[in-house]
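So this block is protein-v9.cif, mmCIF, C-alpha atoms and all ligand atoms:
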```cif
data_model
#
loop_
_atom_site.label_atom_id
_atom_site.label_comp_id
_atom_site.auth_asym_id
_atom_site.auth_seq_id
_atom_site.Cartn_x
_atom_site.Cartn_y
_atom_site.Cartn_z
CA MET S 1 0.00 0.00 0.00
CA LYS S 2 1.24 3.51 -0.86
CA ILE S 3 -0.01 6.65 0.91
CA LEU S 4 0.62 10.18 -0.30
CA VAL S 5 1.02 12.56 2.64
CA ILE S 6 0.28 16.22 1.96
CA ASN S 7 1.12 19.15 4.24
CA ALA S 8 -0.23 22.30 2.61
CA GLY S 9 0.72 25.80 3.72
CA SER S 10 -0.63 29.05 2.32
CA SER S 11 2.17 29.36 -0.28
CA SER S 12 3.91 26.00 0.09
CA LEU S 13 3.06 22.32 -0.10
CA LYS S 14 5.18 19.43 1.22
CA TYR S 15 4.62 15.81 0.24
CA GLN S 16 5.88 12.31 0.87
CA LEU S 17 4.89 9.11 -0.86
CA ILE S 18 5.20 6.37 1.75
CA ASN S 19 5.37 2.65 1.11
CA MET S 20 3.45 1.17 4.06
CA GLU S 21 5.13 -2.23 3.79
CA THR S 22 8.53 -0.70 4.67
CA GLU S 23 7.16 2.53 6.23
CA GLU S 24 9.73 4.43 4.16
CA ALA S 25 9.29 7.49 1.97
CA ILE S 26 10.00 6.49 -1.62
CA ALA S 27 9.77 10.10 -2.76
CA LYS S 28 9.43 13.42 -1.01
CA GLY S 29 9.59 17.08 -1.77
CA GLY S 30 7.81 20.38 -1.78
CA CYS S 31 6.45 23.25 -3.82
CA GLU S 32 7.35 26.82 -2.92
CA ARG S 33 5.89 30.19 -3.85
CA ILE S 34 2.41 28.99 -4.75
CA GLY S 35 0.30 31.96 -5.83
CA ILE S 36 3.30 34.28 -6.04
CA PRO S 37 5.89 34.67 -8.83
CA GLY S 38 8.86 32.27 -8.81
CA GLY S 39 7.17 28.91 -8.23
CA LYS S 40 9.44 25.91 -7.72
CA LEU S 41 9.22 22.17 -7.06
CA THR S 42 11.99 20.24 -5.31
CA HIS S 43 11.58 16.48 -5.62
CA LYS S 44 13.77 13.82 -4.01
CA ALA S 45 13.76 10.22 -5.21
CA HIS S 46 16.27 7.51 -6.18
CA GLY S 47 18.87 9.30 -4.00
CA LYS S 48 18.72 12.35 -6.28
CA THR S 49 17.22 15.82 -6.04
CA TYR S 50 15.25 17.18 -9.00
CA GLU S 51 14.28 20.85 -9.27
CA ILE S 52 11.65 22.33 -11.55
CA GLU S 53 11.05 26.04 -11.83
CA GLN S 54 7.51 26.68 -12.94
CA GLU S 55 4.86 29.25 -12.03
CA LEU S 56 2.33 27.74 -9.62
CA PRO S 57 -0.69 30.06 -9.58
CA SER S 58 -2.75 27.75 -7.34
CA HIS S 59 -2.55 24.70 -5.08
CA THR S 60 -4.20 22.72 -7.90
CA ASP S 61 -1.25 23.59 -10.15
CA ALA S 62 1.16 22.53 -7.39
CA ILE S 63 -0.56 19.15 -6.82
CA SER S 64 -0.72 18.55 -10.60
CA LEU S 65 3.03 19.13 -10.85
CA VAL S 66 3.75 16.84 -7.88
CA LEU S 67 1.72 14.03 -9.46
CA LYS S 68 3.42 14.58 -12.83
CA GLU S 69 6.78 14.23 -11.12
CA LEU S 70 5.73 11.10 -9.18
CA VAL S 71 4.90 9.29 -12.45
CA ASP S 72 7.72 10.83 -14.49
CA PRO S 73 9.76 8.15 -16.34
CA GLU S 74 13.04 9.40 -14.81
CA ALA S 75 12.29 11.16 -11.52
CA GLY S 76 9.09 9.25 -10.78
CA VAL S 77 8.57 6.29 -8.48
CA ILE S 78 5.20 4.93 -9.65
CA ALA S 79 3.79 4.02 -13.04
CA SER S 80 0.45 5.74 -12.55
CA MET S 81 -1.68 7.56 -10.00
CA ASP S 82 -3.62 4.32 -9.47
CA GLU S 83 -0.71 3.11 -7.35
CA ILE S 84 -1.55 5.75 -4.73
CA ASP S 85 -4.03 4.01 -2.42
CA ALA S 86 -5.01 7.11 -0.47
CA VAL S 87 -3.98 10.63 0.50
CA GLY S 88 -3.45 11.77 4.09
CA HIS S 89 -3.69 15.50 4.75
CA ARG S 90 -2.14 17.22 7.74
CA VAL S 91 -4.59 19.62 9.42
CA VAL S 92 -3.54 21.87 12.31
CA ALA S 93 -6.83 22.46 14.12
CA SER S 94 -9.86 20.22 14.62
CA GLY S 95 -11.76 22.20 17.21
CA GLU S 96 -14.26 19.90 18.90
CA ALA S 97 -15.71 19.01 15.50
CA PHE S 98 -13.24 16.15 14.84
CA LYS S 99 -11.78 13.97 17.59
CA GLN S 100 -9.94 11.61 15.25
CA THR S 101 -8.68 11.02 11.73
CA THR S 102 -11.61 11.46 9.35
CA LEU S 103 -12.36 10.43 5.75
CA VAL S 104 -12.98 13.37 3.44
CA ASP S 105 -16.44 13.90 1.97
CA ASP S 106 -18.56 16.95 1.14
CA ALA S 107 -20.15 17.14 4.59
CA VAL S 108 -16.74 16.92 6.29
CA MET S 109 -15.43 19.77 4.13
CA VAL S 110 -18.41 21.95 5.15
CA LEU S 111 -17.43 21.34 8.80
CA MET S 112 -13.81 22.13 7.93
CA ASP S 113 -14.91 25.51 6.55
CA GLU S 114 -16.83 26.19 9.76
CA ILE S 115 -13.81 25.58 12.02
CA ALA S 116 -11.24 27.30 9.77
CA GLU S 117 -11.27 30.41 11.97
CA LEU S 118 -9.71 28.38 14.82
CA ALA S 119 -6.37 28.34 12.95
CA PRO S 120 -6.61 31.16 10.41
CA LEU S 121 -2.94 30.87 9.41
CA HIS S 122 -3.07 27.11 8.78
CA ASN S 123 -6.49 25.50 8.27
CA PRO S 124 -7.51 27.49 5.17
CA ALA S 125 -4.30 26.27 3.48
CA ALA S 126 -5.11 22.65 4.36
CA ILE S 127 -8.57 23.14 2.83
CA LEU S 128 -6.93 24.45 -0.36
CA GLY S 129 -4.71 21.36 -0.41
CA VAL S 130 -7.62 18.95 0.04
CA ASN S 131 -9.75 20.68 -2.59
CA ALA S 132 -6.84 20.69 -5.06
CA CYS S 133 -6.30 16.94 -4.54
CA ARG S 134 -10.00 16.21 -4.94
CA GLU S 135 -9.95 18.13 -8.20
CA VAL S 136 -6.84 16.42 -9.58
CA MET S 137 -7.56 12.93 -8.16
CA PRO S 138 -11.35 12.60 -8.18
CA GLY S 139 -12.60 9.55 -6.30
CA LYS S 140 -9.31 8.97 -4.45
CA LYS S 141 -9.80 8.19 -0.74
CA MET S 142 -8.48 10.98 1.47
CA ALA S 143 -8.12 11.40 5.19
CA LEU S 144 -7.75 14.44 7.42
CA VAL S 145 -5.20 13.86 10.17
CA PHE S 146 -5.33 16.52 12.87
CA ASP S 147 -2.44 17.87 14.94
CA THR S 148 -4.90 18.18 17.80
CA SER S 149 -6.31 14.61 17.84
CA PHE S 150 -3.69 13.15 20.17
CA HIS S 151 -4.64 15.80 22.74
CA ALA S 152 -8.36 14.98 22.62
CA THR S 153 -7.88 12.69 25.65
CA MET S 154 -6.99 15.55 28.02
CA PRO S 155 -9.41 15.55 30.96
CA ASP S 156 -11.83 18.49 31.21
CA TYR S 157 -9.98 20.10 34.15
CA ALA S 158 -6.80 20.18 32.03
CA HIS S 159 -8.23 21.41 28.74
CA LEU S 160 -10.66 24.02 30.03
CA TYR S 161 -9.83 27.66 30.70
CA ALA S 162 -11.35 29.26 33.79
CA ILE S 163 -13.77 31.39 31.79
CA ASP S 164 -17.57 31.46 31.95
CA TYR S 165 -18.52 27.84 31.23
CA GLU S 166 -21.40 28.95 29.01
CA ASP S 167 -18.89 30.79 26.80
CA TYR S 168 -16.82 27.63 26.51
CA LYS S 169 -19.95 25.69 25.47
CA LYS S 170 -20.99 28.32 22.96
CA TYR S 171 -17.64 29.27 21.42
CA LYS S 172 -15.53 26.16 22.17
CA VAL S 173 -12.73 28.26 23.60
CA ARG S 174 -10.41 25.77 25.35
CA ARG S 175 -6.96 24.21 25.13
CA TYR S 176 -6.54 22.09 21.99
CA GLY S 177 -2.73 21.70 21.80
CA ALA S 178 -0.64 21.09 18.69
CA HIS S 179 2.12 18.85 17.26
CA GLY S 180 -0.07 15.88 18.26
CA THR S 181 1.24 13.59 15.52
CA SER S 182 4.80 14.21 16.70
CA HIS S 183 4.01 13.66 20.40
CA LYS S 184 2.11 10.50 19.49
CA TYR S 185 4.94 9.17 17.33
CA VAL S 186 7.75 9.72 19.85
CA ALA S 187 5.64 8.40 22.75
CA GLY S 188 5.07 5.19 20.78
CA GLU S 189 8.74 4.92 19.80
CA ALA S 190 9.80 5.51 23.43
CA ALA S 191 7.61 2.62 24.62
CA LYS S 192 9.09 0.36 21.94
CA TYR S 193 12.65 1.42 22.78
CA LEU S 194 12.09 0.86 26.51
CA GLY S 195 10.49 -2.51 25.80
CA ARG S 196 7.48 -1.55 27.89
CA ASP S 197 3.79 -1.42 27.17
CA ALA S 198 2.65 2.17 26.53
CA SER S 199 -0.21 1.58 28.99
CA GLU S 200 2.21 1.41 31.93
CA LEU S 201 4.39 4.43 31.07
CA ARG S 202 4.45 8.04 32.29
CA LEU S 203 6.21 10.20 29.69
CA ILE S 204 6.98 13.84 29.05
CA THR S 205 7.49 14.51 25.35
CA CYS S 206 9.27 17.76 24.39
CA HIS S 207 8.77 18.77 20.74
CA LEU S 208 11.22 21.66 20.52
CA GLY S 209 11.45 23.27 17.10
CA ASN S 210 10.53 26.59 15.58
CA GLY S 211 7.25 26.01 17.38
CA SER S 212 7.63 24.12 20.64
CA SER S 213 5.24 22.16 22.81
CA ILE S 214 5.56 19.83 25.76
CA SER S 215 3.07 17.06 26.59
CA ALA S 216 2.37 14.78 29.52
CA VAL S 217 1.50 11.27 28.31
CA LYS S 218 0.09 8.68 30.73
CA GLY S 219 -0.65 5.15 29.59
CA GLY S 220 -0.19 6.20 25.97
CA LYS S 221 -2.74 9.03 26.25
CA CYS S 222 -2.10 12.75 26.41
CA ILE S 223 -3.26 14.22 29.74
CA ASP S 224 -1.92 17.76 29.29
CA THR S 225 0.00 19.87 26.79
CA SER S 226 1.59 23.31 26.79
CA MET S 227 -0.01 24.80 23.69
CA GLY S 228 -3.49 26.18 24.08
CA PHE S 229 -6.44 27.42 22.06
CA THR S 230 -3.81 28.26 19.44
CA PRO S 231 -0.10 27.40 19.06
CA LEU S 232 0.79 30.74 20.70
CA ALA S 233 0.72 29.35 24.25
CA GLY S 234 3.33 27.47 26.27
CA VAL S 235 7.10 27.94 26.21
CA PRO S 236 8.64 30.90 24.31
CA MET S 237 9.32 29.94 20.68
CA GLY S 238 11.27 31.19 17.64
CA THR S 239 9.06 34.24 17.21
CA ARG S 240 6.06 33.44 19.46
CA SER S 241 5.85 34.74 23.00
CA GLY S 242 4.42 31.62 24.60
CA ASP S 243 2.47 32.15 27.86
CA ILE S 244 1.81 35.79 28.72
CA ASP S 245 -0.66 37.65 30.93
CA VAL S 246 -3.31 38.81 28.41
CA ALA S 247 -3.61 42.12 30.27
CA ALA S 248 -0.02 42.84 29.23
CA ILE S 249 -0.92 42.62 25.55
CA ASP S 250 -3.92 44.92 26.03
CA PHE S 251 -1.52 47.39 27.75
CA LEU S 252 1.04 47.06 24.92
CA CYS S 253 -1.66 47.55 22.27
CA HIS S 254 -2.62 50.86 23.88
CA LYS S 255 0.99 52.01 24.27
CA LYS S 256 2.08 51.03 20.74
CA GLY S 257 -1.18 52.04 19.02
CA MET S 258 -1.84 48.48 17.83
CA THR S 259 -5.23 46.91 17.17
CA MET S 260 -5.87 43.52 18.78
CA ASP S 261 -5.14 41.85 15.41
CA GLU S 262 -1.82 43.68 15.21
CA GLY S 263 -1.12 42.77 18.83
CA LEU S 264 -1.65 39.08 18.07
CA SER S 265 0.53 39.31 14.99
CA TYR S 266 3.21 40.96 17.19
CA LEU S 267 2.98 38.09 19.72
CA ASN S 268 3.19 35.47 16.94
CA LYS S 269 5.88 37.00 14.75
CA LYS S 270 8.03 39.48 16.67
CA CYS S 271 8.42 37.95 20.12
CA GLY S 272 9.84 34.69 21.48
CA VAL S 273 13.62 34.20 21.46
CA PHE S 274 13.81 36.48 18.41
CA GLY S 275 12.19 39.37 20.26
CA VAL S 276 14.18 38.88 23.46
CA SER S 277 17.57 38.44 21.76
CA GLY S 278 17.12 40.85 18.86
CA VAL S 279 19.42 38.38 17.06
CA SER S 280 17.49 35.53 15.47
CA SER S 281 14.71 33.00 15.90
CA ASP S 282 17.15 30.21 15.02
CA PHE S 283 18.78 28.47 17.98
CA ARG S 284 22.02 27.89 16.06
CA ASP S 285 22.39 31.66 15.63
CA LEU S 286 21.49 32.27 19.28
CA ILE S 287 24.08 29.81 20.56
CA ALA S 288 26.76 31.35 18.31
CA ALA S 289 25.80 34.85 19.52
CA LYS S 290 25.87 33.76 23.18
CA GLU S 291 29.32 32.23 22.70
CA ALA S 292 30.44 35.53 21.16
CA GLY S 293 29.32 37.30 24.33
CA ASN S 294 25.85 38.55 23.37
CA ASP S 295 23.99 38.75 26.69
CA ARG S 296 20.51 39.04 25.20
CA ALA S 297 21.08 35.82 23.25
CA ARG S 298 22.10 34.25 26.59
CA LEU S 299 18.92 35.65 28.17
CA ALA S 300 16.66 34.29 25.40
CA LEU S 301 18.21 30.82 25.72
CA ASP S 302 17.93 30.90 29.52
CA MET S 303 14.27 31.96 29.33
CA PHE S 304 13.52 29.11 26.93
CA SER S 305 15.22 26.43 29.05
CA TYR S 306 13.70 27.73 32.29
CA SER S 307 10.22 27.70 30.80
CA CYS S 308 10.70 24.11 29.53
CA LYS S 309 12.01 23.09 32.97
CA LYS S 310 8.86 24.47 34.64
CA TYR S 311 6.64 22.43 32.31
CA VAL S 312 8.68 19.30 33.01
CA GLY S 313 8.24 19.86 36.76
CA ALA S 314 4.52 20.59 36.43
CA TYR S 315 3.92 17.49 34.29
CA MET S 316 5.86 15.25 36.69
CA ALA S 317 3.33 16.34 39.29
CA ALA S 318 0.40 15.83 36.93
CA LEU S 319 1.66 12.35 35.96
CA GLY S 320 2.40 11.34 39.56
CA GLY S 321 5.99 10.44 38.68
CA LEU S 322 7.95 9.90 35.51
CA ASP S 323 9.51 7.04 33.56
CA ALA S 324 11.07 8.91 30.64
CA ILE S 325 11.54 12.30 29.01
CA VAL S 326 11.75 12.47 25.23
CA PHE S 327 13.33 15.27 23.21
CA THR S 328 12.42 15.66 19.55
CA ALA S 329 12.25 18.12 16.57
CA GLY S 330 14.95 20.54 15.33
CA ILE S 331 16.13 21.81 18.71
CA GLY S 332 15.22 18.73 20.75
CA GLU S 333 17.18 16.44 18.44
CA ASN S 334 20.15 18.69 17.69
CA THR S 335 20.88 21.02 20.59
CA PRO S 336 22.56 19.32 23.56
CA THR S 337 23.08 22.58 25.47
CA VAL S 338 19.31 23.13 25.58
CA ARG S 339 18.68 19.56 26.79
CA ARG S 340 21.37 20.04 29.45
CA ASP S 341 19.92 23.36 30.65
CA VAL S 342 16.31 22.11 30.70
CA LEU S 343 17.23 19.15 32.93
CA ALA S 344 19.98 20.77 35.01
CA GLY S 345 19.57 20.38 38.76
CA MET S 346 16.79 17.80 38.55
CA GLU S 347 18.80 14.95 40.10
CA ALA S 348 16.52 15.11 43.16
CA PHE S 349 13.69 14.03 40.85
CA GLY S 350 15.67 11.05 39.53
CA ILE S 351 16.80 12.78 36.32
CA GLU S 352 20.54 12.38 35.67
CA LEU S 353 21.85 13.35 32.26
CA ASP S 354 25.04 11.72 30.94
CA ASP S 355 27.10 14.63 29.56
CA GLU S 356 29.09 12.50 27.16
CA LYS S 357 26.03 10.79 25.70
CA ASN S 358 24.14 14.09 25.55
CA PHE S 359 26.92 15.75 23.55
CA ALA S 360 27.61 12.73 21.31
CA LYS S 361 27.00 13.28 17.59
CA ASN S 362 23.39 12.98 16.43
CA ASP S 363 23.37 9.94 14.12
CA GLY S 364 19.63 10.08 13.49
CA SER S 365 18.90 7.04 15.65
CA ILE S 366 17.07 6.83 18.99
CA ARG S 367 19.59 7.73 21.69
CA GLU S 368 19.47 7.24 25.46
CA ILE S 369 21.31 10.18 27.02
CA SER S 370 20.68 9.58 30.74
CA LYS S 371 23.17 7.92 33.11
CA ALA S 372 22.67 4.21 33.77
CA SER S 373 21.77 5.18 37.37
CA SER S 374 19.09 7.68 36.28
CA ARG S 375 15.62 6.59 37.50
CA VAL S 376 14.08 8.59 34.67
CA LYS S 377 15.32 7.68 31.19
CA VAL S 378 16.10 10.60 28.87
CA LEU S 379 15.73 9.84 25.17
CA VAL S 380 16.34 11.70 21.91
CA ILE S 381 13.94 10.41 19.26
CA PRO S 382 13.80 11.79 15.69
CA THR S 383 10.19 12.67 14.96
CA ASN S 384 8.30 11.46 11.88
CA GLU S 385 4.98 13.24 11.60
CA GLU S 386 4.46 12.13 7.99
CA LEU S 387 4.63 8.47 8.99
CA VAL S 388 1.95 8.98 11.64
CA ILE S 389 -0.27 10.67 9.04
CA ALA S 390 0.32 7.77 6.63
CA ARG S 391 -0.35 5.15 9.34
CA GLU S 392 -3.57 6.86 10.43
CA THR S 393 -4.72 7.13 6.82
CA ALA S 394 -3.92 3.47 6.13
CA ALA S 395 -5.71 2.39 9.33
CA LEU S 396 -8.83 4.28 8.29
CA LEU S 397 -8.94 2.44 4.95
P1 LIG S 401 9.75 23.59 12.48
O1 LIG S 401 8.91 23.83 13.69
O2 LIG S 401 9.76 24.72 11.51
O3 LIG S 401 9.57 22.22 11.86
P2 LIG S 401 12.34 22.55 13.30
O4 LIG S 401 11.83 21.38 14.05
O5 LIG S 401 13.08 22.33 12.03
O6 LIG S 401 11.23 23.63 13.08
O7 LIG S 401 13.30 23.35 14.29
C1 LIG S 401 13.95 24.53 13.94
C2 LIG S 401 14.94 24.86 15.06
O8 LIG S 401 15.80 23.74 15.24
C3 LIG S 401 15.82 26.06 14.79
O9 LIG S 401 15.85 26.88 15.95
C4 LIG S 401 17.19 25.46 14.53
O10 LIG S 401 18.20 26.24 15.08
C5 LIG S 401 17.13 24.13 15.22
N1 LIG S 401 17.87 23.15 14.42
C6 LIG S 401 17.46 22.50 13.35
N2 LIG S 401 18.40 21.69 12.85
C7 LIG S 401 19.46 21.83 13.60
C8 LIG S 401 20.76 21.29 13.60
N3 LIG S 401 21.15 20.40 12.69
N4 LIG S 401 21.58 21.70 14.57
C9 LIG S 401 21.18 22.58 15.49
N5 LIG S 401 19.95 23.11 15.54
C10 LIG S 401 19.09 22.77 14.62
#
```
Turn the structure described in the file into structure tokens.
Amino acid sequence: MKILVINAGSSSLKYQLINMETEEAIAKGGCERIGIPGGKLTHKAHGKTYEIEQELPSHTDAISLVLKELVDPEAGVIASMDEIDAVGHRVVASGEAFKQTTLVDDAVMVLMDEIAELAPLHNPAAILGVNACREVMPGKKMALVFDTSFHATMPDYAHLYAIDYEDYKKYKVRRYGAHGTSHKYVAGEAAKYLGRDASELRLITCHLGNGSSISAVKGGKCIDTSMGFTPLAGVPMGTRSGDIDVAAIDFLCHKKGMTMDEGLSYLNKKCGVFGVSGVSSDFRDLIAAKEAGNDRARLALDMFSYSCKKYVGAYMAALGGLDAIVFTAGIGENTPTVRRDVLAGMEAFGIELDDEKNFAKNDGSIREISKASSRVKVLVIPTNEELVIARETAALL
């Protein structure tokens, strides 16, 4: 069985064609600059990279080009579109409308339109991607796989905000979380690595990338997560503030003459480690700047690690103990200094990092970086969100 995984952004579209027998991507790539001049497709297959520069006025044009490339005699990996058994689409927000992976039909797409306002930067793009695929591949089975589904198991006292309950009922304002496919994947891999049944494990999974979120996973189910109604909440991120007293943003809006929309854009795009450091949103740049003596880069990194540490402590309490901590995504997998700082001084809680293992080269495999004596195992696990999307899509068929 072969599943095409699509992750559509407003002007970009990433894809992977996954062979479910081996669970490996036989081709992957992405389109850039959809709807703006300078369209481009980058396609990787047969160990080679193919690039095509072509204007891509719409997502339909982008999908058409991807399919053309997948069946191309040289760069392609399949003889015809019939070899694609189904398409799995990544969707950021589900609201309360969808609790699990869902097959696409007209009624489902009407619901998708209704909840689009929950993630205005992301969901409308996913809808464009689905509609484009339906146009180019009529009749093909398609699934929506939501970033939020893994968090649907959070108990009410963890996912609700302390606002008027009637407003929650009416407007569905609550914590939904994000990066669910990644948290789910690494939690499953951690159980396999530890040789334990997921049902008996208490895990904290730290997805630390451009966007970062931390989840508490008990018995294989998410019981709490740091992101909220939108992916703005939780730890500070590349350009997002993370948790902030909302009264502070009202105050800033008045002082800086910003509307609430502008204030939210400010919190999403100009804050986080970028705003604090004034240097960059990229942790590699921040670490280089800190090493060169830039104190605001040091401050941004310290704020990030301290915030992560507080979530780890809070989730240990929520879980009633801890068996393992997992680090994943760009920073989690590649930045030993962050892992060290997040877990520093937590020996009293049974967390002992092995410096040598923590700083060993990332070889892309699952790595155990805690000391043999550490009661809590610390793991680095490369994430694979596309594979989760493909698995969920295949399971639905
Ligand atoms: P996204 O949320 O966009 O998928 P990533 O998971 O790729 O983001 O994470 C991006 C962050 O990870 C950046 O801050 C970057 O500095 C860091 N990062 C990515 N790759 C590496 C690497 N090889 N070495 C160090 N840091 C990395």
Test item: residues no farther than 9 Å from ligand LIG 401 (chain S), counting all atoms listed in the file, as an MDAnalysis selection string: chainID S and resid 207:212 237:238 280:287 328:336 362 383
Kindly save the residues from that selection, with C-alpha atoms included, as a PDB file, in the coordinates of the input.
```
ATOM      1  CA  HIS S 207       8.770  18.770  20.740  1.00  0.00           C
ATOM      2  CA  LEU S 208      11.220  21.660  20.520  1.00  0.00           C
ATOM      3  CA  GLY S 209      11.450  23.270  17.100  1.00  0.00           C
ATOM      4  CA  ASN S 210      10.530  26.590  15.580  1.00  0.00           C
ATOM      5  CA  GLY S 211       7.250  26.010  17.380  1.00  0.00           C
ATOM      6  CA  SER S 212       7.630  24.120  20.640  1.00  0.00           C
ATOM      7  CA  MET S 237       9.320  29.940  20.680  1.00  0.00           C
ATOM      8  CA  GLY S 238      11.270  31.190  17.640  1.00  0.00           C
ATOM      9  CA  SER S 280      17.490  35.530  15.470  1.00  0.00           C
ATOM     10  CA  SER S 281      14.710  33.000  15.900  1.00  0.00           C
ATOM     11  CA  ASP S 282      17.150  30.210  15.020  1.00  0.00           C
ATOM     12  CA  PHE S 283      18.780  28.470  17.980  1.00  0.00           C
ATOM     13  CA  ARG S 284      22.020  27.890  16.060  1.00  0.00           C
ATOM     14  CA  ASP S 285      22.390  31.660  15.630  1.00  0.00           C
ATOM     15  CA  LEU S 286      21.490  32.270  19.280  1.00  0.00           C
ATOM     16  CA  ILE S 287      24.080  29.810  20.560  1.00  0.00           C
ATOM     17  CA  THR S 328      12.420  15.660  19.550  1.00  0.00           C
ATOM     18  CA  ALA S 329      12.250  18.120  16.570  1.00  0.00           C
ATOM     19  CA  GLY S 330      14.950  20.540  15.330  1.00  0.00           C
ATOM     20  CA  ILE S 331      16.130  21.810  18.710  1.00  0.00           C
ATOM     21  CA  GLY S 332      15.220  18.730  20.750  1.00  0.00           C
ATOM     22  CA  GLU S 333      17.180  16.440  18.440  1.00  0.00           C
ATOM     23  CA  ASN S 334      20.150  18.690  17.690  1.00  0.00           C
ATOM     24  CA  THR S 335      20.880  21.020  20.590  1.00  0.00           C
ATOM     25  CA  PRO S 336      22.560  19.320  23.560  1.00  0.00           C
ATOM     26  CA  ASN S 362      23.390  12.980  16.430  1.00  0.00           C
ATOM     27  CA  THR S 383      10.190  12.670  14.960  1.00  0.00           C
TER      28      THR S 383
END
```
Residues within 10 Å of (-9.1, 13.2, 16.3), counting all atoms listed in the file, listed as a VMD selection string: chain S and resid 93 to 102 144 to 153 180
Closest atom pairs, residues of range 5-96 of chain S within 9 Å of range 124-130 of chain S, all atoms listed in the file, as a tab-separated table:
```
residue	atom	partner	partner_atom	distance
S:Ile6	CA	S:Gly129	CA	7.5
S:Asn7	CA	S:Ala126	CA	7.1
S:Ala8	CA	S:Ala126	CA	5.2
S:Gly9	CA	S:Ala125	CA	5.0
S:Ser10	CA	S:Ala125	CA	4.7
S:Ser11	CA	S:Ala125	CA	8.1
S:Ser12	CA	S:Ala125	CA	8.9
S:Leu13	CA	S:Gly129	CA	7.8
S:Ser58	CA	S:Leu128	CA	8.8
S:His59	CA	S:Gly129	CA	6.1
S:Thr60	CA	S:Gly129	CA	7.6
S:Ile63	CA	S:Gly129	CA	7.9
S:His89	CA	S:Val130	CA	7.0
S:Arg90	CA	S:Ala126	CA	7.1
S:Val91	CA	S:Ala126	CA	5.9
S:Val92	CA	S:Ala126	CA	8.1
```
Neighbours of point (13.5, 27.1, -10.2) within 8 Å, using all atoms listed in the file, written as a list of chain:residue names: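 Every residue inside that radius is included here: S:Gly38, S:Gly39, S:Lys40, S:Leu41, S:Glu51, S:Ile52, S:Glu53, S:Gln54.
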Kindly export the residues of the current selection with C-alpha atoms, as a PDB file, in the coordinates of the input.
```
ATOM      1  CA  GLY S  38       8.860  32.270  -8.810  1.00  0.00           C
ATOM      2  CA  GLY S  39       7.170  28.910  -8.230  1.00  0.00           C
ATOM      3  CA  LYS S  40       9.440  25.910  -7.720  1.00  0.00           C
ATOM      4  CA  LEU S  41       9.220  22.170  -7.060  1.00  0.00           C
ATOM      5  CA  GLU S  51      14.280  20.850  -9.270  1.00  0.00           C
ATOM      6  CA  ILE S  52      11.650  22.330 -11.550  1.00  0.00           C
ATOM      7  CA  GLU S  53      11.050  26.040 -11.830  1.00  0.00           C
ATOM      8  CA  GLN S  54       7.510  26.680 -12.940  1.00  0.00           C
TER       9      GLN S  54
END
```
Distance query range 307-316 of chain S at most 12 Å, only C-alpha atoms, self and fewer than 5 positions along chain excluded, as JSON, numbers by chain: {"S": [158, 202, 203, 204, 205, 206, 207, 208, 212, 213, 214, 215, 216, 217, 218, 222, 223, 224, 225, 226, 227, 233, 234, 235, 236, 237, 241, 242, 243, 244, 272, 273, 300, 301, 302, 321, 322, 323, 324, 325, 326, 327, 332, 338, 339, 340, 341, 342, 343, 344, 345, 346, 348, 349, 350, 351, 376]}
Atomic distance CA of His43 in chain S - CA of Lys28 in chain S, expressed in Å with one decimal: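 Interatomic distance here is 5.9 Å.
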Excluding same-chain residues fewer than 4 positions from Thr42 in chain S, what lies within 6 Å of it counting all atoms listed in the file, as a tab-separated table (two decimals) with C-alpha atoms, in the coordinates of the input?
```tsv
chain	number	residue	atom	x	y	z
S	29	GLY	CA	9.59	17.08	-1.77
S	30	GLY	CA	7.81	20.38	-1.78
S	50	TYR	CA	15.25	17.18	-9.00
S	51	GLU	CA	14.28	20.85	-9.27
```
